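Novice: Below you'll find query-v8.cif; it's mmCIF, C-alpha atoms and all ligand atoms.
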```
data_structure
loop_
_atom_site.group_PDB
_atom_site.id
_atom_site.type_symbol
_atom_site.label_atom_id
_atom_site.label_comp_id
_atom_site.auth_asym_id
_atom_site.auth_seq_id
_atom_site.Cartn_x
_atom_site.Cartn_y
_atom_site.Cartn_z
ATOM 1 C CA MET A 3 -12.755 113.051 -25.123
ATOM 2 C CA LYS A 4 -10.073 115.539 -24.062
ATOM 3 C CA LYS A 5 -8.143 112.761 -22.335
ATOM 4 C CA THR A 6 -8.150 110.571 -25.459
ATOM 5 C CA LEU A 7 -6.878 113.444 -27.570
ATOM 6 C CA LEU A 8 -4.122 114.098 -25.052
ATOM 7 C CA LEU A 9 -3.096 110.430 -25.127
ATOM 8 C CA ILE A 10 -3.084 110.368 -28.912
ATOM 9 C CA SER A 11 -0.932 113.472 -29.161
ATOM 10 C CA MET A 12 1.473 112.088 -26.552
ATOM 11 C CA ALA A 13 1.775 108.863 -28.524
ATOM 12 C CA LEU A 14 2.405 110.789 -31.741
ATOM 13 C CA GLY A 15 5.037 112.903 -30.020
ATOM 14 C CA LEU A 16 6.816 109.833 -28.672
ATOM 15 C CA SER A 17 6.798 108.077 -32.031
ATOM 16 C CA ALA A 18 8.243 111.206 -33.654
ATOM 17 C CA ILE A 19 11.106 111.183 -31.133
ATOM 18 C CA PHE A 20 11.774 107.483 -31.725
ATOM 19 C CA SER A 21 11.671 107.713 -35.512
ATOM 20 C CA SER A 22 14.049 110.674 -35.539
ATOM 21 C CA ALA A 23 16.444 108.625 -33.397
ATOM 22 C CA LEU A 24 16.208 105.791 -35.937
ATOM 23 C CA ALA A 25 16.628 108.148 -38.896
ATOM 24 C CA GLU A 26 20.130 109.092 -37.696
ATOM 25 C CA HIS A 27 21.437 105.772 -38.989
ATOM 26 C CA VAL A 28 19.869 106.010 -42.425
ATOM 27 C CA THR A 29 21.842 107.656 -45.207
ATOM 28 C CA SER A 30 20.073 108.940 -48.270
ATOM 29 C CA LEU A 31 21.513 110.084 -51.600
ATOM 30 C CA ARG A 32 21.968 113.570 -50.155
ATOM 31 C CA GLY A 33 24.232 112.176 -47.424
ATOM 32 C CA SER A 34 23.690 112.340 -43.709
ATOM 33 C CA ASN A 35 23.164 116.106 -43.552
ATOM 34 C CA ASP A 36 19.991 117.093 -41.803
ATOM 35 C CA LEU A 37 17.376 119.135 -43.632
ATOM 36 C CA GLU A 38 18.327 122.428 -41.963
ATOM 37 C CA THR A 39 21.987 122.408 -43.021
ATOM 38 C CA GLY A 40 21.115 121.118 -46.473
ATOM 39 C CA SER A 41 23.417 119.263 -48.776
ATOM 40 C CA ASN A 42 26.691 120.936 -49.686
ATOM 41 C CA ASN A 43 27.113 119.211 -53.015
ATOM 42 C CA VAL A 44 23.919 120.141 -54.790
ATOM 43 C CA ILE A 45 24.549 121.284 -58.335
ATOM 44 C CA ILE A 46 21.393 122.575 -59.939
ATOM 45 C CA LYS A 47 21.555 121.895 -63.652
ATOM 46 C CA GLN A 48 20.194 124.331 -66.130
ATOM 47 C CA VAL A 49 17.709 122.832 -68.591
ATOM 48 C CA GLN A 50 18.639 123.939 -72.078
ATOM 49 C CA ARG A 51 16.050 125.649 -74.189
ATOM 50 C CA ASP A 52 16.074 123.253 -77.150
ATOM 51 C CA GLN A 53 18.234 120.222 -77.709
ATOM 52 C CA GLU A 54 18.622 117.269 -80.023
ATOM 53 C CA PRO A 55 16.491 114.500 -78.479
ATOM 54 C CA ILE A 56 18.515 111.973 -76.486
ATOM 55 C CA GLU A 57 17.840 108.517 -77.914
ATOM 56 C CA ARG A 58 15.529 106.226 -75.941
ATOM 57 C CA ASP A 59 17.202 103.385 -74.052
ATOM 58 C CA TYR A 60 14.390 100.942 -74.845
ATOM 59 C CA VAL A 61 11.291 101.087 -77.031
ATOM 60 C CA GLN A 62 8.763 101.388 -74.233
ATOM 61 C CA GLN A 63 10.556 104.318 -72.626
ATOM 62 C CA PRO A 64 8.630 107.595 -72.466
ATOM 63 C CA PRO A 65 10.857 109.863 -74.574
ATOM 64 C CA LEU A 66 12.636 112.611 -72.676
ATOM 65 C CA VAL A 67 11.481 116.156 -73.340
ATOM 66 C CA PRO A 68 14.067 117.913 -75.556
ATOM 67 C CA HIS A 69 12.851 121.415 -74.673
ATOM 68 C CA LYS A 70 12.150 123.613 -71.666
ATOM 69 C CA ILE A 71 8.793 123.105 -69.954
ATOM 70 C CA GLU A 72 9.027 125.726 -67.250
ATOM 71 C CA GLY A 73 5.677 127.463 -66.864
ATOM 72 C CA TYR A 74 3.775 124.934 -68.995
ATOM 73 C CA SER A 75 0.701 124.289 -66.916
ATOM 74 C CA ILE A 76 -1.336 121.112 -66.893
ATOM 75 C CA ASN A 77 -4.556 121.350 -64.945
ATOM 76 C CA LEU A 78 -8.180 120.240 -65.194
ATOM 77 C CA LYS A 79 -9.086 122.934 -67.707
ATOM 78 C CA TYR A 80 -5.934 123.320 -69.726
ATOM 79 C CA ASN A 81 -2.983 121.268 -70.895
ATOM 80 C CA LYS A 82 -0.187 123.317 -72.442
ATOM 81 C CA CYS A 83 1.560 120.225 -73.829
ATOM 82 C CA LEU A 84 -1.475 119.291 -75.899
ATOM 83 C CA SER A 85 -1.505 122.736 -77.505
ATOM 84 C CA CYS A 86 1.443 121.434 -79.523
ATOM 85 C CA HIS A 87 1.378 117.642 -79.184
ATOM 86 C CA SER A 88 -2.296 116.792 -79.786
ATOM 87 C CA TRP A 89 -3.354 115.265 -83.094
ATOM 88 C CA LYS A 90 -5.190 118.478 -83.832
ATOM 89 C CA ASN A 91 -2.224 120.786 -83.282
ATOM 90 C CA TYR A 92 0.969 118.831 -83.900
ATOM 91 C CA LYS A 93 1.345 119.754 -87.566
ATOM 92 C CA LYS A 94 1.107 123.460 -86.977
ATOM 93 C CA ALA A 95 3.471 123.233 -83.993
ATOM 94 C CA ARG A 96 5.826 120.868 -85.875
ATOM 95 C CA ALA A 97 5.845 118.680 -82.795
ATOM 96 C CA THR A 98 5.641 114.904 -82.459
ATOM 97 C CA LYS A 99 2.048 113.797 -82.050
ATOM 98 C CA ILE A 100 1.177 111.777 -78.972
ATOM 99 C CA SER A 101 1.042 108.101 -79.880
ATOM 100 C CA GLN A 102 -2.097 105.983 -79.973
ATOM 101 C CA THR A 103 -1.245 104.378 -76.644
ATOM 102 C CA HIS A 104 -2.179 107.742 -75.085
ATOM 103 C CA PHE A 105 -5.813 107.238 -76.082
ATOM 104 C CA ALA A 106 -6.352 103.846 -74.462
ATOM 105 C CA ASP A 107 -7.942 103.490 -71.053
ATOM 106 C CA ARG A 108 -6.858 100.778 -68.643
ATOM 107 C CA ASP A 109 -9.246 98.264 -70.206
ATOM 108 C CA GLU A 110 -7.638 98.981 -73.578
ATOM 109 C CA ASN A 111 -10.698 100.752 -74.946
ATOM 110 C CA VAL A 112 -9.525 103.361 -77.432
ATOM 111 C CA LEU A 113 -11.045 106.737 -76.587
ATOM 112 C CA ALA A 114 -11.658 109.763 -78.802
ATOM 113 C CA ASN A 115 -9.525 111.915 -76.557
ATOM 114 C CA VAL A 116 -6.384 111.576 -74.444
ATOM 115 C CA SER A 117 -7.024 109.049 -71.716
ATOM 116 C CA SER A 118 -7.001 110.411 -68.181
ATOM 117 C CA ARG A 119 -4.171 107.944 -67.537
ATOM 118 C CA ARG A 120 -2.033 109.949 -69.940
ATOM 119 C CA TYR A 121 -3.272 113.446 -69.251
ATOM 120 C CA PHE A 122 -0.580 114.485 -66.777
ATOM 121 C CA CYS A 123 2.316 114.319 -69.221
ATOM 122 C CA THR A 124 5.065 115.160 -66.739
ATOM 123 C CA GLN A 125 4.177 112.080 -64.711
ATOM 124 C CA CYS A 126 6.176 110.158 -67.335
ATOM 125 C CA HIS A 127 8.001 112.687 -69.517
ATOM 126 C CA VAL A 128 10.797 114.678 -67.928
ATOM 127 C CA PRO A 129 13.078 117.267 -69.493
ATOM 128 C CA GLN A 130 16.318 115.705 -70.660
ATOM 129 C CA MET A 131 19.669 116.614 -69.255
ATOM 130 C CA ASN A 132 23.212 115.555 -69.902
ATOM 131 C CA ALA A 133 24.009 114.626 -66.324
ATOM 132 C CA THR A 134 26.055 111.875 -64.715
ATOM 133 C CA PRO A 135 23.708 109.228 -63.329
ATOM 134 C CA LEU A 136 23.396 109.218 -59.531
ATOM 135 C CA ILE A 137 23.484 105.438 -59.491
ATOM 136 C CA GLU A 138 25.243 103.107 -61.920
ATOM 137 C CA ASN A 139 22.920 101.109 -64.122
ATOM 138 C CA GLU A 140 23.901 98.189 -66.329
ATOM 139 C CA PHE A 141 20.568 97.843 -68.107
ATOM 140 C CA ARG A 142 20.787 96.670 -71.724
ATOM 141 C CA PRO A 143 17.716 96.593 -73.983
ATOM 142 C CA VAL A 144 16.769 93.470 -75.929
ATOM 143 C CA GLN A 145 18.716 93.678 -79.190
ATOM 144 C CA ALA A 146 15.941 92.392 -81.457
ATOM 145 C CA ILE A 147 13.564 95.303 -80.747
ATOM 146 C CA ARG A 148 16.000 98.179 -80.573
HETATM 147 C C1 LIG A 201 5.181 125.296 -78.170
HETATM 148 C C2 LIG A 201 4.984 123.925 -78.588
HETATM 149 C C3 LIG A 201 5.289 122.823 -77.573
HETATM 150 C C4 LIG A 201 4.794 122.691 -76.305
HETATM 151 C C5 LIG A 201 3.860 123.625 -75.546
HETATM 152 C C6 LIG A 201 5.335 121.444 -75.784
HETATM 153 N N1 LIG A 201 6.127 120.842 -76.739
HETATM 154 FE FE1 LIG A 201 7.062 119.048 -76.591
HETATM 155 N N2 LIG A 201 7.909 119.307 -78.424
HETATM 156 C C7 LIG A 201 7.649 120.366 -79.275
HETATM 157 C C8 LIG A 201 8.381 120.178 -80.509
HETATM 158 C C9 LIG A 201 8.378 121.121 -81.702
HETATM 159 C C10 LIG A 201 9.108 118.966 -80.366
HETATM 160 C C11 LIG A 201 10.021 118.297 -81.372
HETATM 161 C C12 LIG A 201 11.441 118.671 -81.117
HETATM 162 C C13 LIG A 201 12.387 117.831 -81.927
HETATM 163 O O1 LIG A 201 12.016 116.754 -82.404
HETATM 164 O O2 LIG A 201 13.531 118.242 -82.053
HETATM 165 C C14 LIG A 201 8.784 118.450 -79.041
HETATM 166 C C15 LIG A 201 9.277 117.278 -78.526
HETATM 167 C C16 LIG A 201 8.789 116.658 -77.379
HETATM 168 C C17 LIG A 201 9.110 115.312 -76.946
HETATM 169 C C18 LIG A 201 10.049 114.340 -77.659
HETATM 170 C C19 LIG A 201 9.297 113.450 -78.597
HETATM 171 C C20 LIG A 201 10.195 112.399 -79.220
HETATM 172 O O3 LIG A 201 9.666 111.529 -79.907
HETATM 173 O O4 LIG A 201 11.415 112.434 -79.021
HETATM 174 C C21 LIG A 201 8.418 115.093 -75.793
HETATM 175 C C22 LIG A 201 8.425 113.827 -74.962
HETATM 176 C C23 LIG A 201 7.686 116.299 -75.488
HETATM 177 N N3 LIG A 201 7.941 117.231 -76.455
HETATM 178 C C24 LIG A 201 6.894 116.446 -74.378
HETATM 179 C C25 LIG A 201 6.262 117.629 -74.027
HETATM 180 C C26 LIG A 201 5.577 117.844 -72.775
HETATM 181 C C27 LIG A 201 5.451 116.813 -71.673
HETATM 182 C C28 LIG A 201 5.090 119.107 -72.800
HETATM 183 C C29 LIG A 201 4.326 119.844 -71.718
HETATM 184 C C30 LIG A 201 4.964 119.901 -70.404
HETATM 185 C C31 LIG A 201 5.436 119.685 -74.089
HETATM 186 N N4 LIG A 201 6.175 118.770 -74.787
HETATM 187 C C32 LIG A 201 5.057 120.950 -74.521
HETATM 188 C C33 LIG A 201 6.805 121.416 -79.031
HETATM 189 C C34 LIG A 201 6.126 121.659 -77.851
HETATM 190 C C1 LIG A 202 1.740 106.955 -68.061
HETATM 191 C C2 LIG A 202 2.899 107.510 -68.734
HETATM 192 C C3 LIG A 202 2.705 108.556 -69.809
HETATM 193 C C4 LIG A 202 1.970 109.717 -69.748
HETATM 194 C C5 LIG A 202 1.139 110.246 -68.593
HETATM 195 C C6 LIG A 202 2.165 110.388 -71.025
HETATM 196 N N1 LIG A 202 3.008 109.649 -71.823
HETATM 197 FE FE1 LIG A 202 3.724 110.162 -73.647
HETATM 198 N N2 LIG A 202 4.640 108.371 -73.818
HETATM 199 C C7 LIG A 202 4.719 107.411 -72.832
HETATM 200 C C8 LIG A 202 5.424 106.241 -73.334
HETATM 201 C C9 LIG A 202 5.701 104.968 -72.545
HETATM 202 C C10 LIG A 202 5.799 106.537 -74.676
HETATM 203 C C11 LIG A 202 6.580 105.637 -75.651
HETATM 204 C C12 LIG A 202 5.761 104.493 -76.143
HETATM 205 C C13 LIG A 202 4.476 104.942 -76.732
HETATM 206 O O1 LIG A 202 4.474 105.648 -77.751
HETATM 207 O O2 LIG A 202 3.467 104.653 -76.112
HETATM 208 C C14 LIG A 202 5.291 107.877 -74.949
HETATM 209 C C15 LIG A 202 5.438 108.548 -76.140
HETATM 210 C C16 LIG A 202 5.168 109.893 -76.338
HETATM 211 C C17 LIG A 202 5.527 110.677 -77.513
HETATM 212 C C18 LIG A 202 6.286 110.146 -78.736
HETATM 213 C C19 LIG A 202 5.302 109.535 -79.682
HETATM 214 C C20 LIG A 202 5.971 108.864 -80.854
HETATM 215 O O3 LIG A 202 5.249 108.572 -81.808
HETATM 216 O O4 LIG A 202 7.174 108.615 -80.822
HETATM 217 C C21 LIG A 202 5.075 111.943 -77.307
HETATM 218 C C22 LIG A 202 5.223 113.120 -78.239
HETATM 219 C C23 LIG A 202 4.406 111.963 -76.018
HETATM 220 N N3 LIG A 202 4.477 110.703 -75.465
HETATM 221 C C24 LIG A 202 3.797 113.082 -75.477
HETATM 222 C C25 LIG A 202 2.996 113.042 -74.336
HETATM 223 C C26 LIG A 202 2.148 114.141 -73.907
HETATM 224 C C27 LIG A 202 2.041 115.494 -74.583
HETATM 225 C C28 LIG A 202 1.490 113.712 -72.771
HETATM 226 C C29 LIG A 202 0.427 114.437 -71.973
HETATM 227 C C30 LIG A 202 -0.783 114.797 -72.688
HETATM 228 C C31 LIG A 202 1.964 112.354 -72.474
HETATM 229 N N4 LIG A 202 2.841 111.980 -73.476
HETATM 230 C C32 LIG A 202 1.583 111.590 -71.378
HETATM 231 C C33 LIG A 202 4.200 107.514 -71.558
HETATM 232 C C34 LIG A 202 3.358 108.520 -71.116
#
```
Could you quickly redo this structure as structure tokens?
Specialist:
Amino acid sequence: MKKTLLLISMALGLSAIFSSALAEHVTSLRGSNDLETGSNNVIIKQVQRDQEPIERDYVQQPPLVPHKIEGYSINLKYNKCLSCHSWKNYKKARATKISQTHFADRDENVLANVSSRRYFCTQCHVPQMNATPLIENEFRPVQAIR
């Protein structure tokens, strides 16, 4: 048993050495700097408190969040986003109500409550920011359904 464990850990160690040797030739968006030195061109953008919503690029796009969401927790017991965006609360909060698609499960059954597929809002909705894209994108939406 001890011998097998030793062999396994040796194999893991060796593969770590080999993969780090390979990784030297791969360049990511942050450049070829290693993790310890960090990237020297990181500019952390400040999310603005409230903004005019940036228009969607195509109809199926999850709209960007035009407000700050720092500290808004989403967990099993509580979802801060729904305290303003649910059908029960949206009027009082003057927020957009979540659309009907958010109630459908994967078999397209419409549920009485937000589907678990749509519960973790920040999986799809991110705060908007006026930033230069990291990678150029020539996507154009279909004109007829703009
Ligand atoms: C305190 C109330 C409040 C909370 C909490 C809140 N929002 Fe909002 N949200 C608003 C209001 C009000 C607007 C409308 C702003 C506007 O149209 O200018 C809005 C707009 C949005 C929009 C844009 C909708 C559209 O059609 O353009 C999205 C997406 C959104 N919120 C997502 C979220 C997410 C995700 C969370 C949780 C992380 C969240 N919101 C938490 C009040 C809230
Ligand atoms: C799996 C991805 C996904 C998740 C998770 C999700 N949404 Fe969305 N959301 C979308 C998409 C896509 C749209 C645009 C098309 C539509 O309405 O379905 C949208 C639209 C919206 C809109 C605009 C509705 C309108 O009528 O214009 C609001 C507000 C919103 N979502 C809030 C939320 C909140 C709050 C949560 C969490 C409870 C959430 N969403 C979770 C994908 C998602």
Novice: So which residues get picked by the PyMOL selection byres (((chain A and resi 62-65) around 12) and not hetatm) here, written as a list of chain:residue names?
Specialist: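 Output of the PyMOL selection byres (((chain A and resi 62-65) around 12) and not hetatm): A:Pro55, A:Ile56, A:Glu57, A:Arg58, A:Asp59, A:Tyr60, A:Val61, A:Leu66, A:Val67, A:Pro68, A:His69, A:Thr98, A:Ile100, A:Ser101, A:Thr103, A:His104, A:Arg120, A:Cys123, A:Thr124, A:Gln125, A:Cys126, A:His127, A:Val128, A:Pro129, A:Gln130, A:Pro143, A:Val144, A:Ile147, A:Arg148.
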Novice: Tell me, in Å to one decimal, how far atom N2 of ligand LIG 201 (chain A) is from CA of Phe141 (chain A).
Specialist: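 Atom N2 of ligand LIG 201 (chain A) sits 27.0 Å away from CA of Phe141 (chain A).
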Novice: Given the choices A:Asn111, A:Ser118, A:Asn132, A:Asn91, which gets closest to ligand LIG 201 (chain A) if the distance is worked out from all atoms listed in the file?
Specialist: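 For ligand LIG 201 (chain A), the nearest of the candidates is A:Asn91.
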Novice: How many Å lie between CA of Phe122 (chain A) and CA of Arg96 (chain A), rounded to one decimal?
Specialist: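 Computing the Euclidean distance for CA of Phe122 (chain A) and CA of Arg96 (chain A) yields 21.1 Å.
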Novice: Skip Cys83 (chain A) itself and residues of its chain fewer than 6 positions away, then list as an MDAnalysis selection string all residues within 9 Å of it, counting only C-alpha atoms.
Specialist: chainID A and resid 71 74:76 123
Novice: So the first atom is atom O1 of ligand LIG 201 (chain A) and the second is CA of Gln50 (chain A); what is the distance between them in Å, to one decimal place?
Specialist: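 Computing the Euclidean distance for atom O1 of ligand LIG 201 (chain A) and CA of Gln50 (chain A) yields 14.2 Å.
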Novice: Enclose all atoms of region 48-65 of chain A listed in the file in an axis-aligned box, grow every side by 8 Å, and hand back centre and edge lengths in Å to one decimal, as JSON.
Specialist:
```
{"center_x": 14.4, "center_y": 113.3, "center_z": -73.1, "size_x": 27.6, "size_y": 40.7, "size_z": 29.9}
```
Novice: Quick one: residues within 10 Å of (-8.0, 113.9, -76.3) (file frame), counting only C-alpha atoms, please, as a count of residues only.
Specialist: 15
Novice: Which residue out of A:Ala106, A:Leu37, A:Ala146, A:Met131 has the minimum interatomic distance to ligand LIG 202 (chain A) when only C-alpha atoms and all ligand atoms are used?
Specialist: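 Going through A:Ala106, A:Leu37, A:Ala146, A:Met131 one by one, the smallest distance to ligand LIG 202 (chain A) is for A:Ala106.
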Novice: Select, from A:Val49, A:Ile137, A:Cys86, A:Val112, the residue with the minimum atom-to-atom distance to ligand LIG 202 (chain A), counting all atoms listed in the file.
Specialist: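 The closest residue to ligand LIG 202 (chain A) is A:Cys86.
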Novice: Under the rule that all atoms listed in the file are counted, which of A:Lys93, A:Lys82, A:Lys99, A:Arg51 is the nearest residue to ligand LIG 202 (chain A)?
Specialist: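 That would be A:Lys99, the residue with the smallest distance to ligand LIG 202 (chain A).
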Novice: Which of these, A:Ala97, A:Thr29, A:Glu38, A:Glu110, has the shortest distance to ligand LIG 201 (chain A) once you count only C-alpha atoms and all ligand atoms?
Specialist: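 Of the candidates, the smallest distance to ligand LIG 201 (chain A) is held by A:Ala97.
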Novice: Taking only C-alpha atoms and all ligand atoms into account, name the residue in A:Glu140, A:Arg108, A:Ala95, A:Ala133 that is nearest to ligand LIG 201 (chain A).
Specialist: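 Selected residue with least distance to ligand LIG 201 (chain A): A:Ala95.
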